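Asks: Next up, structure-v4.csv (CSV, C-alpha atoms and all ligand atoms).
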```csv
chain,number,residue,atom,x,y,z
A,1,MET,CA,14.2,-12.2,3.6
A,2,GLY,CA,12.9,-9.4,1.4
A,3,LYS,CA,12.8,-5.6,1.5
A,4,TYR,CA,9.5,-3.9,0.6
A,5,ILE,CA,8.4,-0.2,0.4
A,6,VAL,CA,4.9,0.2,1.8
A,7,GLY,CA,3.1,3.5,1.2
A,8,ILE,CA,0.0,4.6,3.1
A,9,THR,CA,-2.1,7.5,1.6
A,10,GLY,CA,-5.2,9.3,2.7
A,11,ALA,CA,-7.7,6.9,1.2
A,12,SER,CA,-10.0,4.9,3.4
A,13,GLY,CA,-8.7,1.4,4.5
A,14,SER,CA,-5.7,2.0,6.9
A,15,ILE,CA,-6.5,-1.3,8.6
A,16,TYR,CA,-5.4,-3.1,5.4
A,17,ALA,CA,-2.0,-1.4,5.6
A,18,ILE,CA,-1.3,-2.2,9.2
A,19,ARG,CA,-2.3,-5.9,8.7
A,20,LEU,CA,0.0,-6.1,5.6
A,21,ILE,CA,3.0,-4.6,7.5
A,22,GLU,CA,2.4,-7.0,10.4
A,23,GLU,CA,2.4,-10.0,8.0
A,24,LEU,CA,5.5,-8.8,6.1
A,25,VAL,CA,7.3,-8.5,9.4
A,26,LYS,CA,6.1,-11.8,10.6
A,27,LEU,CA,7.5,-13.4,7.4
A,28,ASP,CA,10.9,-11.8,8.3
A,29,ASN,CA,10.8,-9.0,5.7
A,30,GLU,CA,12.1,-5.5,6.1
A,31,VAL,CA,9.6,-2.7,5.5
A,32,PHE,CA,10.3,0.9,4.5
A,33,LEU,CA,7.2,2.7,5.5
A,34,ILE,CA,6.1,6.0,3.9
A,35,ILE,CA,2.9,7.7,5.1
A,36,THR,CA,1.6,10.8,3.4
A,37,GLU,CA,0.5,13.8,5.6
A,38,GLN,CA,-3.1,13.0,4.8
A,39,GLY,CA,-2.5,9.3,5.3
A,40,LYS,CA,-1.4,10.0,8.9
A,41,LYS,CA,-4.7,11.8,9.6
A,42,VAL,CA,-6.9,9.1,8.1
A,43,VAL,CA,-4.9,6.4,9.9
A,44,SER,CA,-5.6,8.2,13.3
A,45,TYR,CA,-9.2,8.8,12.4
A,46,GLU,CA,-10.0,5.3,11.2
A,47,LEU,CA,-8.1,3.3,13.8
A,48,ASP,CA,-9.0,5.7,16.7
A,49,LYS,CA,-5.3,5.9,17.7
A,50,ASP,CA,-2.5,8.4,17.2
A,51,THR,CA,-0.3,7.3,14.2
A,52,LYS,CA,2.8,7.6,16.5
A,53,SER,CA,1.4,5.1,18.9
A,54,ILE,CA,0.6,2.7,16.1
A,55,LEU,CA,4.1,3.0,14.7
A,56,SER,CA,5.7,2.7,18.1
A,57,ASN,CA,4.3,-0.9,18.3
A,58,MET,CA,6.2,-1.9,15.2
A,59,PRO,CA,9.7,-3.4,15.6
A,60,LYS,CA,12.2,-0.7,14.7
A,61,GLU,CA,14.7,-3.1,13.3
A,62,LYS,CA,12.2,-4.3,10.7
A,63,VAL,CA,10.0,-1.3,10.0
A,64,ILE,CA,12.0,1.8,8.9
A,65,ILE,CA,9.8,4.9,9.0
A,66,CYS,CA,10.6,7.3,6.1
A,67,ASP,CA,9.7,10.9,5.9
A,68,ASP,CA,7.5,11.6,2.8
A,69,ASN,CA,9.6,14.8,2.3
A,70,ASP,CA,13.0,13.2,2.5
A,71,PHE,CA,14.4,12.7,-1.0
A,72,PHE,CA,17.7,11.7,0.6
A,73,SER,CA,16.2,8.5,1.8
A,74,PRO,CA,18.0,5.4,0.3
A,75,VAL,CA,14.7,4.1,-1.2
A,76,ALA,CA,14.5,7.3,-3.3
A,77,SER,CA,17.2,5.8,-5.6
A,78,GLY,CA,17.0,2.9,-8.0
A,79,SER,CA,20.5,1.9,-6.9
A,80,TYR,CA,19.1,0.9,-3.5
A,81,LYS,CA,17.7,-2.6,-4.2
A,82,VAL,CA,14.3,-3.5,-2.9
A,83,ASP,CA,12.0,-6.4,-3.9
A,84,GLY,CA,8.9,-4.4,-4.5
A,85,MET,CA,6.4,-1.7,-3.4
A,86,VAL,CA,2.8,-1.7,-2.2
A,87,ILE,CA,0.7,1.5,-1.8
A,88,ILE,CA,-2.2,0.5,0.4
A,89,PRO,CA,-4.7,2.1,0.5
A,90,CYS,CA,-4.0,4.3,-2.6
A,91,SER,CA,-5.9,7.5,-3.0
A,92,MET,CA,-7.1,8.7,-6.4
A,93,GLY,CA,-4.9,11.7,-6.0
A,94,SER,CA,-1.7,9.7,-5.5
A,95,LEU,CA,-2.8,7.3,-8.3
A,96,ALA,CA,-3.2,10.3,-10.7
A,97,LYS,CA,0.3,11.6,-9.8
A,98,ILE,CA,1.9,8.2,-10.2
A,99,SER,CA,0.3,7.5,-13.6
A,100,ASN,CA,1.6,10.8,-14.8
A,101,GLY,CA,5.1,10.4,-13.5
A,102,ILE,CA,4.9,13.2,-11.0
A,103,SER,CA,7.3,12.5,-8.2
A,104,ASP,CA,6.9,15.4,-5.8
A,105,SER,CA,7.1,13.4,-2.6
A,106,LEU,CA,9.1,10.4,-1.4
A,107,LEU,CA,6.1,8.2,-2.0
A,108,THR,CA,5.6,9.2,-5.6
A,109,ARG,CA,9.4,9.2,-6.2
A,110,CYS,CA,9.6,5.6,-5.0
A,111,ALA,CA,6.6,4.7,-7.2
A,112,ASP,CA,8.4,6.3,-10.2
A,113,VAL,CA,11.6,4.4,-9.3
A,114,THR,CA,9.7,1.1,-8.8
A,115,ILE,CA,8.3,1.5,-12.3
A,116,LYS,CA,11.5,2.5,-14.0
A,117,GLU,CA,13.4,-0.4,-12.4
A,118,ASN,CA,10.6,-2.9,-13.4
A,119,ARG,CA,10.1,-4.0,-9.9
A,120,LYS,CA,7.0,-5.6,-8.4
A,121,PHE,CA,4.5,-2.8,-7.8
A,122,VAL,CA,1.0,-3.4,-6.2
A,123,LEU,CA,-1.5,-0.6,-5.9
A,124,VAL,CA,-4.5,-1.0,-3.7
A,125,PRO,CA,-6.8,1.8,-4.9
A,126,ARG,CA,-9.9,2.8,-2.9
A,127,GLU,CA,-12.7,4.8,-4.2
A,128,THR,CA,-16.3,4.3,-5.2
A,129,PRO,CA,-17.8,4.9,-7.7
A,130,LEU,CA,-14.8,5.0,-10.0
A,131,SER,CA,-14.7,7.8,-12.6
A,132,GLN,CA,-13.4,7.4,-16.1
A,133,ILE,CA,-10.3,9.4,-15.0
A,134,HIS,CA,-9.6,6.9,-12.1
A,135,LEU,CA,-10.1,3.9,-14.5
A,136,GLU,CA,-7.9,5.4,-17.2
A,137,ASN,CA,-5.1,6.1,-14.6
A,138,MET,CA,-5.4,2.5,-13.4
A,139,LEU,CA,-5.4,1.1,-17.0
A,140,ARG,CA,-2.3,3.1,-17.9
A,141,LEU,CA,-0.4,1.7,-14.9
A,142,SER,CA,-1.7,-1.9,-15.5
A,143,LYS,CA,-0.5,-1.7,-19.1
A,144,ILE,CA,3.1,-1.2,-17.9
A,145,GLY,CA,2.9,-4.1,-15.4
A,146,VAL,CA,1.7,-2.5,-12.2
A,147,SER,CA,-0.7,-4.8,-10.3
A,148,ILE,CA,-4.0,-3.2,-9.5
A,149,VAL,CA,-5.5,-5.1,-6.5
A,150,PRO,CA,-8.5,-3.2,-5.1
A,151,PRO,CA,-9.8,-4.3,-1.7
A,152,MET,CA,-12.8,-6.3,-2.9
A,153,PRO,CA,-14.1,-8.8,-0.4
A,154,GLU,CA,-15.3,-12.1,-1.5
A,155,PHE,CA,-18.2,-13.7,0.3
A,156,TYR,CA,-17.9,-17.3,-0.8
A,157,SER,CA,-15.4,-17.8,2.0
A,158,LYS,CA,-18.2,-16.8,4.4
A,159,PRO,CA,-16.2,-14.2,6.4
A,160,SER,CA,-17.4,-13.9,10.0
A,161,ASN,CA,-15.7,-10.6,10.9
A,162,ILE,CA,-13.7,-7.7,9.6
A,163,ASP,CA,-10.4,-9.5,10.2
A,164,ASP,CA,-11.5,-12.2,7.8
A,165,ILE,CA,-12.3,-9.6,5.2
A,166,VAL,CA,-9.0,-7.7,5.7
A,167,ASN,CA,-6.9,-11.0,5.7
A,168,SER,CA,-8.3,-12.1,2.4
A,169,THR,CA,-7.3,-8.8,0.7
A,170,VAL,CA,-3.9,-8.9,2.4
A,171,GLY,CA,-3.4,-12.5,1.3
A,172,ARG,CA,-4.1,-11.6,-2.3
A,173,ILE,CA,-1.6,-8.8,-2.1
A,174,LEU,CA,1.1,-11.2,-0.7
A,175,ASP,CA,0.2,-13.7,-3.5
A,176,THR,CA,0.7,-10.9,-6.0
A,177,LEU,CA,4.1,-10.2,-4.5
A,178,GLY,CA,4.9,-13.9,-4.8
A,179,ILE,CA,4.9,-14.4,-1.0
A,180,ASN,CA,3.4,-17.6,0.2
A,181,ASN,CA,0.7,-17.2,2.8
A,182,HIS,CA,-2.3,-18.9,4.4
A,183,LEU,CA,-4.3,-15.8,5.2
A,184,TYR,CA,-7.4,-16.7,3.3
A,185,MET,CA,-9.4,-19.6,2.0
A,186,LYS,CA,-8.1,-20.7,-1.4
A,187,TRP,CA,-10.8,-22.2,-3.5
A,188,GLY,CA,-10.3,-25.9,-4.2
A,189,LEU,CA,-7.7,-26.4,-1.6
A,201,LIG,C1,-11.8,10.0,6.2
A,201,LIG,C2,-11.3,10.2,4.8
A,201,LIG,C3,-11.4,9.2,3.9
A,201,LIG,C4,-11.0,9.3,2.6
A,201,LIG,N1,-11.2,8.3,1.7
A,201,LIG,C5,-10.7,8.4,0.4
A,201,LIG,C6,-10.7,7.3,-0.5
A,201,LIG,O1,-11.2,6.2,-0.1
A,201,LIG,N2,-10.2,7.4,-1.7
A,201,LIG,C7,-9.6,8.6,-2.1
A,201,LIG,O2,-9.2,8.7,-3.2
A,201,LIG,N3,-9.6,9.7,-1.3
A,201,LIG,C8,-10.1,9.6,0.0
A,201,LIG,N4,-10.0,10.7,0.8
A,201,LIG,C9,-9.5,12.0,0.3
A,201,LIG,C10,-7.9,12.0,0.3
A,201,LIG,O3,-7.5,11.9,1.7
A,201,LIG,C11,-7.4,13.2,-0.4
A,201,LIG,O4,-7.7,13.2,-1.8
A,201,LIG,C12,-5.9,13.5,-0.2
A,201,LIG,O5,-5.5,14.6,-1.0
A,201,LIG,C13,-5.1,12.3,-0.6
A,201,LIG,O6,-3.7,12.7,-0.4
A,201,LIG,P1,-2.5,11.6,-0.4
A,201,LIG,O7,-2.7,10.8,-1.6
A,201,LIG,O8,-1.3,12.5,-0.5
A,201,LIG,O9,-2.6,10.9,0.9
A,201,LIG,C14,-10.5,10.6,2.1
A,201,LIG,C15,-10.4,11.6,3.1
A,201,LIG,C16,-10.8,11.4,4.4
A,201,LIG,C17,-10.7,12.6,5.3
```
Rewrite the coordinates I just gave you, this time as structure tokens.
Replies:
Amino acid sequence: MGKYIVGITGASGSIYAIRLIEELVKLDNEVFLIITEQGKKVVSYELDKDTKSILSNMPKEKVIICDDNDFFSPVASGSYKVDGMVIIPCSMGSLAKISNGISDSLLTRCADVTIKENRKFVLVPRETPLSQIHLENMLRLSKIGVSIVPPMPEFYSKPSNIDDIVNSTVGRILDTLGINNHLYMKWGL
């Protein structure tokens, strides 16, 4: 079906990223996965598993692991067509670089390319409280069409566990990409 770049940075919330990748793969999409150095450490810490063992459970034909230092990767160029990009979770550090056009890693280069090619781009920022700098960086990106989708659980769906909460955020992200899903309770349906 589609091709998506998924970036994982060192913000809290690795569980959202793993769930999103599982769902994209289940829906027959190809995923180009970029994890920052700090992202790898936070994934291992939060999920109590070595990042390599988490990645080894993903189907190799569907999840292409990209090195964050490899600017020779196909996804580093706008001439390589992908359907969109999601950075989940997105640290305030990576957000600041992206909103200022700094592309000093594969992740930030892909973000720059996604913006210049006017492709679907979803950022899932995670920090609290948010400073004026964070908010201004998000506003700047929102103004040029980047979707800012923070992981904010809703409680009217009466979630009974963490999976319910994670699924509702992942469902919203898929909705934003235009991918039909039944991961969460849609009000009125
Ligand atoms: C356990 C842990 C949780 C963190 N959570 C956040 C977070 O939610 N948001 C954030 O902006 N930074 C968070 N940080 C700090 C980032 O990891 C740090 O700013 C790092 O430079 C981000 O680099 P990256 O964007 O290249 O991954 C966290 C760090 C650790 C160790």
Asks: Enter the distance from CA of Ser160 in chain A to CA of Tyr184 in chain A, in Å, rounded to one decimal.
Replies: 12.4 Å
Asks: Write out, as CSV, each residue of chain A that has an atom at most 7 Å from ligand LIG 201 (chain A), together with the closest pair of atoms and their distance in Å to one decimal, counting only C-alpha atoms and all ligand atoms, rows going by chain and rising number.
Replies:
```
residue,atom,partner,partner_atom,distance
A:Thr9,CA,A:LIG201,O9,3.5
A:Gly10,CA,A:LIG201,O9,3.5
A:Ala11,CA,A:LIG201,C5,3.4
A:Ser12,CA,A:LIG201,O1,3.9
A:Thr36,CA,A:LIG201,O9,4.9
A:Glu37,CA,A:LIG201,O9,6.3
A:Gln38,CA,A:LIG201,O9,4.5
A:Gly39,CA,A:LIG201,O9,4.7
A:Val42,CA,A:LIG201,C1,5.3
A:Tyr45,CA,A:LIG201,C1,6.8
A:Cys90,CA,A:LIG201,O7,6.7
A:Ser91,CA,A:LIG201,O2,3.5
A:Met92,CA,A:LIG201,O2,3.8
A:Gly93,CA,A:LIG201,O7,5.0
A:Ser94,CA,A:LIG201,O7,4.2
A:Arg126,CA,A:LIG201,O1,4.6
A:Glu127,CA,A:LIG201,N2,4.4
```
Asks: Next, the residues of the selection above should be written as an mmCIF file, in the coordinates of the input with C-alpha atoms.
Replies:
```cif
data_model
loop_
_atom_site.group_PDB
_atom_site.id
_atom_site.type_symbol
_atom_site.label_atom_id
_atom_site.label_comp_id
_atom_site.auth_asym_id
_atom_site.auth_seq_id
_atom_site.Cartn_x
_atom_site.Cartn_y
_atom_site.Cartn_z
ATOM 1 C CA THR A 9 -2.100 7.500 1.600
ATOM 2 C CA GLY A 10 -5.200 9.300 2.700
ATOM 3 C CA ALA A 11 -7.700 6.900 1.200
ATOM 4 C CA SER A 12 -10.000 4.900 3.400
ATOM 5 C CA THR A 36 1.600 10.800 3.400
ATOM 6 C CA GLU A 37 0.500 13.800 5.600
ATOM 7 C CA GLN A 38 -3.100 13.000 4.800
ATOM 8 C CA GLY A 39 -2.500 9.300 5.300
ATOM 9 C CA VAL A 42 -6.900 9.100 8.100
ATOM 10 C CA TYR A 45 -9.200 8.800 12.400
ATOM 11 C CA CYS A 90 -4.000 4.300 -2.600
ATOM 12 C CA SER A 91 -5.900 7.500 -3.000
ATOM 13 C CA MET A 92 -7.100 8.700 -6.400
ATOM 14 C CA GLY A 93 -4.900 11.700 -6.000
ATOM 15 C CA SER A 94 -1.700 9.700 -5.500
ATOM 16 C CA ARG A 126 -9.900 2.800 -2.900
ATOM 17 C CA GLU A 127 -12.700 4.800 -4.200
#
```
Asks: Range 35-118 of chain A near range 138-153 of chain A within 12 Å: what's each residue's closest atom pair and its distance in Å to one decimal, counting only C-alpha atoms, ordered by chain then ascending residue number, as JSON lines?
Replies:
```
{"residue": "A:Gly84", "atom": "CA", "partner": "A:Val146", "partner_atom": "CA", "distance": 10.7}
{"residue": "A:Met85", "atom": "CA", "partner": "A:Val146", "partner_atom": "CA", "distance": 10.0}
{"residue": "A:Val86", "atom": "CA", "partner": "A:Ser147", "partner_atom": "CA", "distance": 9.4}
{"residue": "A:Ile87", "atom": "CA", "partner": "A:Ile148", "partner_atom": "CA", "distance": 10.2}
{"residue": "A:Ile88", "atom": "CA", "partner": "A:Pro150", "partner_atom": "CA", "distance": 9.1}
{"residue": "A:Pro89", "atom": "CA", "partner": "A:Pro151", "partner_atom": "CA", "distance": 8.5}
{"residue": "A:Cys90", "atom": "CA", "partner": "A:Pro150", "partner_atom": "CA", "distance": 9.1}
{"residue": "A:Ser91", "atom": "CA", "partner": "A:Pro150", "partner_atom": "CA", "distance": 11.2}
{"residue": "A:Met92", "atom": "CA", "partner": "A:Met138", "partner_atom": "CA", "distance": 9.5}
{"residue": "A:Gly93", "atom": "CA", "partner": "A:Met138", "partner_atom": "CA", "distance": 11.8}
{"residue": "A:Ser94", "atom": "CA", "partner": "A:Met138", "partner_atom": "CA", "distance": 11.3}
{"residue": "A:Leu95", "atom": "CA", "partner": "A:Met138", "partner_atom": "CA", "distance": 7.5}
{"residue": "A:Ala96", "atom": "CA", "partner": "A:Met138", "partner_atom": "CA", "distance": 8.5}
{"residue": "A:Lys97", "atom": "CA", "partner": "A:Leu141", "partner_atom": "CA", "distance": 11.2}
{"residue": "A:Ile98", "atom": "CA", "partner": "A:Leu141", "partner_atom": "CA", "distance": 8.3}
{"residue": "A:Ser99", "atom": "CA", "partner": "A:Leu141", "partner_atom": "CA", "distance": 6.0}
{"residue": "A:Asn100", "atom": "CA", "partner": "A:Arg140", "partner_atom": "CA", "distance": 9.2}
{"residue": "A:Gly101", "atom": "CA", "partner": "A:Leu141", "partner_atom": "CA", "distance": 10.4}
{"residue": "A:Ala111", "atom": "CA", "partner": "A:Val146", "partner_atom": "CA", "distance": 10.0}
{"residue": "A:Asp112", "atom": "CA", "partner": "A:Leu141", "partner_atom": "CA", "distance": 11.0}
{"residue": "A:Thr114", "atom": "CA", "partner": "A:Val146", "partner_atom": "CA", "distance": 9.4}
{"residue": "A:Ile115", "atom": "CA", "partner": "A:Val146", "partner_atom": "CA", "distance": 7.7}
{"residue": "A:Lys116", "atom": "CA", "partner": "A:Ile144", "partner_atom": "CA", "distance": 10.0}
{"residue": "A:Glu117", "atom": "CA", "partner": "A:Gly145", "partner_atom": "CA", "distance": 11.5}
{"residue": "A:Asn118", "atom": "CA", "partner": "A:Gly145", "partner_atom": "CA", "distance": 8.0}
```
Asks: Any chance you could export the current selection's C-alpha atoms as a short mmCIF file (atom, residue, chain, number, x, y, z; two decimals), in the coordinates of the input?
Replies:
```
data_model
loop_
_atom_site.label_atom_id
_atom_site.label_comp_id
_atom_site.auth_asym_id
_atom_site.auth_seq_id
_atom_site.Cartn_x
_atom_site.Cartn_y
_atom_site.Cartn_z
CA GLY A 84 8.90 -4.40 -4.50
CA MET A 85 6.40 -1.70 -3.40
CA VAL A 86 2.80 -1.70 -2.20
CA ILE A 87 0.70 1.50 -1.80
CA ILE A 88 -2.20 0.50 0.40
CA PRO A 89 -4.70 2.10 0.50
CA CYS A 90 -4.00 4.30 -2.60
CA SER A 91 -5.90 7.50 -3.00
CA MET A 92 -7.10 8.70 -6.40
CA GLY A 93 -4.90 11.70 -6.00
CA SER A 94 -1.70 9.70 -5.50
CA LEU A 95 -2.80 7.30 -8.30
CA ALA A 96 -3.20 10.30 -10.70
CA LYS A 97 0.30 11.60 -9.80
CA ILE A 98 1.90 8.20 -10.20
CA SER A 99 0.30 7.50 -13.60
CA ASN A 100 1.60 10.80 -14.80
CA GLY A 101 5.10 10.40 -13.50
CA ALA A 111 6.60 4.70 -7.20
CA ASP A 112 8.40 6.30 -10.20
CA THR A 114 9.70 1.10 -8.80
CA ILE A 115 8.30 1.50 -12.30
CA LYS A 116 11.50 2.50 -14.00
CA GLU A 117 13.40 -0.40 -12.40
CA ASN A 118 10.60 -2.90 -13.40
#
```
Asks: Could you please determine the separation between CA of Leu106 in chain A and CA of Arg19 in chain A in Å, to one decimal place?
Replies: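 Atom-to-atom, CA of Leu106 in chain A and CA of Arg19 in chain A are spaced 22.3 Å apart.
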Asks: Choose the residue, out of A:Asp67, A:Leu123, A:Leu27, A:Ile18, that has the smallest atom-to-atom separation from Leu55 in chain A; count only C-alpha atoms.
Replies: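 Distance minimum relative to Leu55 in chain A lands on A:Ile18.
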Asks: Choose the residue, out of A:Glu154, A:Asp48, A:Glu30, A:Asp70, that has the smallest atom-to-atom separation from Asn167 in chain A; count all atoms listed in the file.
Replies: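 So, comparing all the options, the nearest one is A:Glu154.
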Asks: Between CA of Glu46 in chain A and CA of Ser14 in chain A, measure the distance and give it in Å to one decimal.
Replies: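 Distance reported for this atom pair: 6.9 Å.
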Asks: Just want the 12 Å neighbourhood of Lys26 in chain A, counted on all atoms listed in the file, with same-chain residues fewer than 3 positions away dropped. Output as a PyMOL selection string.
Replies: chain A and resi 1-2+19-23+29-31+58-59+62-63+179+181
Asks: Would you mind telling me which residue in A:Val124, A:Met185, A:Leu33, A:Ile15 lies nearest to Tyr156 in chain A when using all atoms listed in the file?
Replies: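 Between A:Val124, A:Met185, A:Leu33, A:Ile15, the residue approaching Tyr156 in chain A most closely is A:Met185.
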Asks: Could you add N, CA and C atoms to range 57-69 of chain A and give me the result as a tab-separated table (two decimals), in the frame of the given file?
Replies:
```tsv
chain	number	residue	atom	x	y	z
A	57	ASN	N	4.44	0.55	18.07
A	57	ASN	CA	4.30	-0.90	18.30
A	57	ASN	C	4.96	-1.76	17.26
A	58	MET	N	5.53	-1.11	16.26
A	58	MET	CA	6.20	-1.90	15.20
A	58	MET	C	7.66	-2.06	15.50
A	59	PRO	N	8.25	-3.23	15.22
A	59	PRO	CA	9.70	-3.40	15.60
A	59	PRO	C	10.58	-2.53	14.72
A	60	LYS	N	11.38	-1.71	15.43
A	60	LYS	CA	12.20	-0.70	14.70
A	60	LYS	C	13.24	-1.30	13.81
A	61	GLU	N	13.70	-2.51	14.15
A	61	GLU	CA	14.70	-3.10	13.30
A	61	GLU	C	14.13	-3.66	11.99
A	62	LYS	N	12.81	-3.77	11.95
A	62	LYS	CA	12.20	-4.30	10.70
A	62	LYS	C	11.33	-3.31	9.97
A	63	VAL	N	10.85	-2.27	10.69
A	63	VAL	CA	10.00	-1.30	10.00
A	63	VAL	C	10.73	0.08	10.09
A	64	ILE	N	11.23	0.52	8.95
A	64	ILE	CA	12.00	1.80	8.90
A	64	ILE	C	10.99	2.87	8.43
A	65	ILE	N	10.75	3.84	9.32
A	65	ILE	CA	9.80	4.90	9.00
A	65	ILE	C	10.51	5.97	8.18
A	66	CYS	N	9.99	6.26	6.99
A	66	CYS	CA	10.60	7.30	6.10
A	66	CYS	C	9.74	8.50	6.08
A	67	ASP	N	10.40	9.66	6.01
A	67	ASP	CA	9.70	10.90	5.90
A	67	ASP	C	9.28	11.17	4.47
A	68	ASP	N	8.02	11.47	4.22
A	68	ASP	CA	7.50	11.60	2.80
A	68	ASP	C	8.19	12.82	2.13
A	69	ASN	N	8.89	13.69	2.90
A	69	ASN	CA	9.60	14.80	2.30
A	69	ASN	C	11.06	14.58	2.06
```
